[in-house]
Amino acid sequence: LAAISYWWQTWSGSITTIFLQVILVGLPLHYLPWHFASLLPFLVSSFLVSGFLTWVLDQSLGKPRASRSRLVRNSYFFVVATVLWWASWWISTVTTRPDGLENPMPRAIAFWQTVNVQYIAVPLLVCWLWWGIFRNLDKMSTEFKVLLSVVAGLLVGFSGPVVALSSAIGLSIATVANQSFRGKKDFRRLLPIVLGAFFLSGAAVIDNLSPGSINRSQFLPDPSLREIVVAIIQTPGKASMVFWESISDIGILVSFVTITALAFGTRGVLTRPSIQSLSATGSGLIIFGAVFAVVSSFSEVFAYEAWWHGMSTRTLIWLGTSCLGIALGFQLQRRASSKNHEIVALLAAMDKHPHLSIIARTPLYDMPS
């Protein structure tokens, strides 16, 4: 609490982010040996990414009869997701010089503790929070929905300006899409979302008016109206570049192909996958990554340009493409299974009717004219 109070007074009002930095970076570096302390943020951020993807998959699958089977299934996929997450960063170095700074992100994800927390862990927790609320709105009581939305709004609002604004835009897009594609409009579902957005906005305002944020602004640029207008014009181009570099990265492409093949190869192992749910989640994460790229690019006019600002976008795109890859693998598996069933049914029908069986299995050159 003393550390959070100090940062609130001197540098930043983003209480949620500062709290995680203190828990995952500051305290371990103070009390643990260097090797363990420096490893902790890397492991936590990695396990949050693979844990979120595992949870999305688990929610999209039918529950097996035995809880042990579910645990084994999720443990297996958690390990696979973790390996693919690490590999997606390091495979991308194939196209760059290993001794240069053309691709510094893999080194940052491995060695930079604060980057792991602020640009990986925080956006992941935000996604987990809002996705969990959206998915379980119909299962919660009104009181609990209101309480959870208020808490979520406060936590996200105090996560920093970029995270807060990106979440507000993403929440608006998700709400409009959810209401548009629902057959029956239920505006009572909007109450917790509106409350969450209201408290998110209030927390973001308090964050930026805190003594630390005001003090920090003295060291940041104070752009003129002309510079802001130029930044607005340039933002789509900069954001598109960040988005394209992320989604076309060789590491993400290899991960997408691999996870699609693994999903296709699990025939009979996973039960009743919801391809629609996986596709919707994957598309939503990619859209949220694009929103992050736009907000982050525009915010640099008020702060500074840095390559690590794009790491949140890359993380969200990896998660989104992974969900789409799993959905694609299941879809290909389903089509292959349906074709096999058709062939088996045809052979069974021919065995019941000998004359059809003989005709079907007689080569054309042996048949009478």
# chains A, B, ... in the order shown; residues from 1 in each chain; ligands from 1
>>> select_by_dssp(residues="region 107-220 of chain A", states="alpha helix (DSSP H)", output="number ranges by chain")
A: 107-111, 113-115, 122-135, 142-157, 161-181, 190-209, 211-217
>>> residues_around(residues="Ser159 (chain A)", least_positions_apart="5", cutoff="6 Å", atoms="only C-alpha atoms", output="PyMOL selection string")
chain A and resi 14+16-17
>>> write_last_selection(atoms="all heavy atoms", output="tab-separated table (two decimals), in the first residue's frame")
chain	number	residue	atom	x	y	z
A	14	SER	N	-2.73	5.09	-12.10
A	14	SER	CA	-3.24	3.80	-12.59
A	14	SER	C	-3.04	2.74	-11.49
A	14	SER	O	-2.09	1.95	-11.52
A	14	SER	CB	-2.52	3.40	-13.88
A	14	SER	OG	-2.65	4.42	-14.85
A	16	THR	N	-4.58	-0.04	-10.62
A	16	THR	CA	-4.60	-1.47	-10.97
A	16	THR	C	-3.25	-1.91	-11.53
A	16	THR	O	-2.69	-2.94	-11.10
A	16	THR	CB	-5.70	-1.75	-12.01
A	16	THR	OG1	-6.95	-1.30	-11.49
A	16	THR	CG2	-5.77	-3.24	-12.32
A	17	THR	N	-2.72	-1.16	-12.48
A	17	THR	CA	-1.44	-1.51	-13.08
A	17	THR	C	-0.30	-1.41	-12.06
A	17	THR	O	0.57	-2.29	-12.01
A	17	THR	CB	-1.15	-0.59	-14.29
A	17	THR	OG1	-2.20	-0.73	-15.24
A	17	THR	CG2	0.17	-0.96	-14.94
>>> closest_residue(among="A:Ser167, A:Gly237, A:Gln113, A:Trp131", to="Phe36 (chain A)", atoms="only C-alpha atoms")
A:Gln113
>>> closest_residue(among="A:Ala203, A:Leu24, A:Leu220, A:Val151", to="Leu39 (chain A)", atoms="only C-alpha atoms")
A:Leu24
>>> residues_around(residues="Gly329 (chain A)", least_positions_apart="4", cutoff="9 Å", atoms="only C-alpha atoms", output="ChimeraX atom specification")
/A:259-265,324-325,333-334
>>> write_last_selection(atoms="C-alpha atoms", output="PDB file, in the first residue's frame")
ATOM      1  CA  ILE A 259      -3.160 -25.185 -33.710  1.00  0.00           C
ATOM      2  CA  THR A 260      -5.520 -25.773 -36.654  1.00  0.00           C
ATOM      3  CA  ALA A 261      -3.816 -29.101 -37.373  1.00  0.00           C
ATOM      4  CA  LEU A 262      -3.942 -30.094 -33.696  1.00  0.00           C
ATOM      5  CA  ALA A 263      -7.661 -29.270 -33.486  1.00  0.00           C
ATOM      6  CA  PHE A 264      -8.310 -31.302 -36.641  1.00  0.00           C
ATOM      7  CA  GLY A 265      -6.322 -34.232 -35.221  1.00  0.00           C
ATOM      8  CA  LEU A 324     -10.089 -19.021 -35.198  1.00  0.00           C
ATOM      9  CA  GLY A 325      -7.527 -21.757 -35.865  1.00  0.00           C
ATOM     10  CA  GLN A 333     -12.870 -32.269 -38.740  1.00  0.00           C
ATOM     11  CA  ARG A 334     -16.660 -32.103 -38.819  1.00  0.00           C
TER      12      ARG A 334
END
>>> atom_distance(atom1="CA of Ala121 (chain A)", atom2="CA of Ser312 (chain A)")
9.1 Å
>>> closest_residue(among="A:Pro123, A:Pro106, A:Pro223, A:Gly251", to="Thr313 (chain A)", atoms="only C-alpha atoms")
A:Pro123
>>> residues_around(residues="region 302-307 of chain A", least_positions_apart="5", cutoff="9 Å", atoms="only C-alpha atoms", output="PyMOL selection string")
chain A and resi 104-105+217+219-223+228+297
>>> write_last_selection(atoms="all heavy atoms", output="short mmCIF file (atom, residue, chain, number, x, y, z; two decimals), in the first residue's frame")
data_model
loop_
_atom_site.label_atom_id
_atom_site.label_comp_id
_atom_site.auth_asym_id
_atom_site.auth_seq_id
_atom_site.Cartn_x
_atom_site.Cartn_y
_atom_site.Cartn_z
N PRO A 104 12.96 -6.65 -31.50
CA PRO A 104 13.31 -6.72 -30.08
C PRO A 104 12.22 -7.33 -29.20
O PRO A 104 12.46 -7.58 -28.02
CB PRO A 104 13.53 -5.25 -29.71
CG PRO A 104 12.64 -4.50 -30.63
CD PRO A 104 12.59 -5.28 -31.92
N MET A 105 11.03 -7.58 -29.74
CA MET A 105 9.92 -8.05 -28.91
C MET A 105 10.19 -9.39 -28.23
O MET A 105 9.85 -9.56 -27.05
CB MET A 105 8.63 -8.12 -29.73
CG MET A 105 8.04 -6.76 -30.04
SD MET A 105 6.39 -6.89 -30.76
CE MET A 105 6.00 -5.15 -30.99
N SER A 217 2.73 14.42 -16.32
CA SER A 217 2.42 15.15 -17.55
C SER A 217 3.40 16.29 -17.81
O SER A 217 3.54 16.74 -18.95
CB SER A 217 1.00 15.69 -17.49
OG SER A 217 0.86 16.66 -16.45
N PHE A 219 6.50 16.04 -17.78
CA PHE A 219 7.64 15.50 -18.53
C PHE A 219 7.23 14.96 -19.90
O PHE A 219 8.06 14.41 -20.62
CB PHE A 219 8.29 14.37 -17.71
CG PHE A 219 8.77 14.80 -16.36
CD1 PHE A 219 7.95 14.67 -15.25
CD2 PHE A 219 10.03 15.37 -16.20
CE1 PHE A 219 8.39 15.07 -13.99
CE2 PHE A 219 10.47 15.77 -14.95
CZ PHE A 219 9.64 15.63 -13.84
N LEU A 220 5.95 15.09 -20.23
CA LEU A 220 5.44 14.57 -21.50
C LEU A 220 5.12 15.72 -22.43
O LEU A 220 4.97 16.87 -22.00
CB LEU A 220 4.19 13.73 -21.24
CG LEU A 220 4.39 12.47 -20.39
CD1 LEU A 220 3.05 11.79 -20.11
CD2 LEU A 220 5.37 11.51 -21.04
N PRO A 221 5.00 15.45 -23.73
CA PRO A 221 4.71 16.51 -24.70
C PRO A 221 3.36 17.17 -24.43
O PRO A 221 2.42 16.54 -23.93
CB PRO A 221 4.69 15.77 -26.04
CG PRO A 221 5.46 14.51 -25.81
CD PRO A 221 5.22 14.14 -24.39
N ASP A 222 3.27 18.44 -24.80
CA ASP A 222 2.02 19.19 -24.72
C ASP A 222 1.66 19.62 -26.15
O ASP A 222 1.96 20.73 -26.58
CB ASP A 222 2.17 20.41 -23.81
CG ASP A 222 0.85 21.15 -23.63
OD1 ASP A 222 -0.20 20.56 -23.95
OD2 ASP A 222 0.89 22.32 -23.20
N PRO A 223 1.02 18.71 -26.91
CA PRO A 223 0.82 18.98 -28.34
C PRO A 223 -0.15 20.13 -28.58
O PRO A 223 -1.10 20.35 -27.83
CB PRO A 223 0.24 17.66 -28.86
CG PRO A 223 -0.40 17.04 -27.67
CD PRO A 223 0.44 17.43 -26.49
N ILE A 228 -2.32 17.70 -32.86
CA ILE A 228 -3.37 16.72 -32.57
C ILE A 228 -4.12 16.35 -33.84
O ILE A 228 -4.41 15.17 -34.10
CB ILE A 228 -4.33 17.26 -31.50
CG1 ILE A 228 -3.60 17.42 -30.17
CG2 ILE A 228 -5.53 16.34 -31.34
CD1 ILE A 228 -4.45 18.06 -29.08
N SER A 297 -1.64 4.09 -30.89
CA SER A 297 -0.96 4.94 -31.86
C SER A 297 -1.31 6.40 -31.66
O SER A 297 -0.45 7.28 -31.73
CB SER A 297 -1.32 4.51 -33.28
OG SER A 297 -0.90 3.18 -33.54
#
>>> atom_distance(atom1="CA of Ser283 (chain A)", atom2="CA of Gly320 (chain A)")
6.2 Å
>>> closest_residue(among="A:Trp128, A:Tyr6, A:Phe330, A:Trp85", to="Val56 (chain A)", atoms="only C-alpha atoms")
A:Trp128
>>> residues_around(residues="Gly13 (chain A)", least_positions_apart="6", cutoff="6 Å", atoms="only C-alpha atoms", output="number ranges by chain")
A: 207, 210, 212-213
>>> write_last_selection(atoms="N, CA, C and O atoms", output="tab-separated table (two decimals), in the first residue's frame")
chain	number	residue	atom	x	y	z
A	207	ASP	N	-8.03	8.81	-12.47
A	207	ASP	CA	-6.65	8.39	-12.75
A	207	ASP	C	-5.86	9.56	-13.35
A	207	ASP	O	-4.75	9.88	-12.90
A	210	SER	N	-5.10	12.48	-10.91
A	210	SER	CA	-4.35	12.17	-9.69
A	210	SER	C	-3.07	13.01	-9.64
A	210	SER	O	-2.56	13.46	-10.68
A	212	GLY	N	-0.03	12.13	-9.14
A	212	GLY	CA	1.07	11.51	-9.89
A	212	GLY	C	0.94	11.71	-11.38
A	212	GLY	O	1.93	12.01	-12.07
A	213	SER	N	-0.27	11.55	-11.92
A	213	SER	CA	-0.47	11.73	-13.36
A	213	SER	C	-0.24	13.18	-13.78
A	213	SER	O	0.34	13.45	-14.84
>>> atom_distance(atom1="CA of Phe19 (chain A)", atom2="CA of Leu84 (chain A)")
28.9 Å
>>> closest_atom_pairs(of="region 26-80 of chain A", to="region 115-118 of chain A", cutoff="8 Å", atoms="only C-alpha atoms", output="Markdown table")
| residue | atom | partner | partner_atom | distance |
| --- | --- | --- | --- | --- |
| A:Pro41 | CA | A:Asn116 | CA | 6.0 |
| A:Phe42 | CA | A:Asn116 | CA | 6.1 |
| A:Ser45 | CA | A:Asn116 | CA | 6.0 |
>>> write_last_selection(atoms="N, CA, C and O atoms", output="mmCIF file, in the first residue's frame")
data_model
loop_
_atom_site.group_PDB
_atom_site.id
_atom_site.type_symbol
_atom_site.label_atom_id
_atom_site.label_comp_id
_atom_site.auth_asym_id
_atom_site.auth_seq_id
_atom_site.Cartn_x
_atom_site.Cartn_y
_atom_site.Cartn_z
ATOM 1 N N PRO A 41 7.448 -12.549 -13.642
ATOM 2 C CA PRO A 41 6.524 -11.854 -14.562
ATOM 3 C C PRO A 41 6.379 -12.570 -15.901
ATOM 4 O O PRO A 41 5.283 -12.595 -16.478
ATOM 5 N N PHE A 42 7.466 -13.141 -16.403
ATOM 6 C CA PHE A 42 7.418 -13.882 -17.664
ATOM 7 C C PHE A 42 6.479 -15.082 -17.550
ATOM 8 O O PHE A 42 5.628 -15.313 -18.424
ATOM 9 N N SER A 45 2.647 -13.867 -17.008
ATOM 10 C CA SER A 45 2.030 -13.382 -18.242
ATOM 11 C C SER A 45 1.793 -14.526 -19.230
ATOM 12 O O SER A 45 0.746 -14.586 -19.878
#
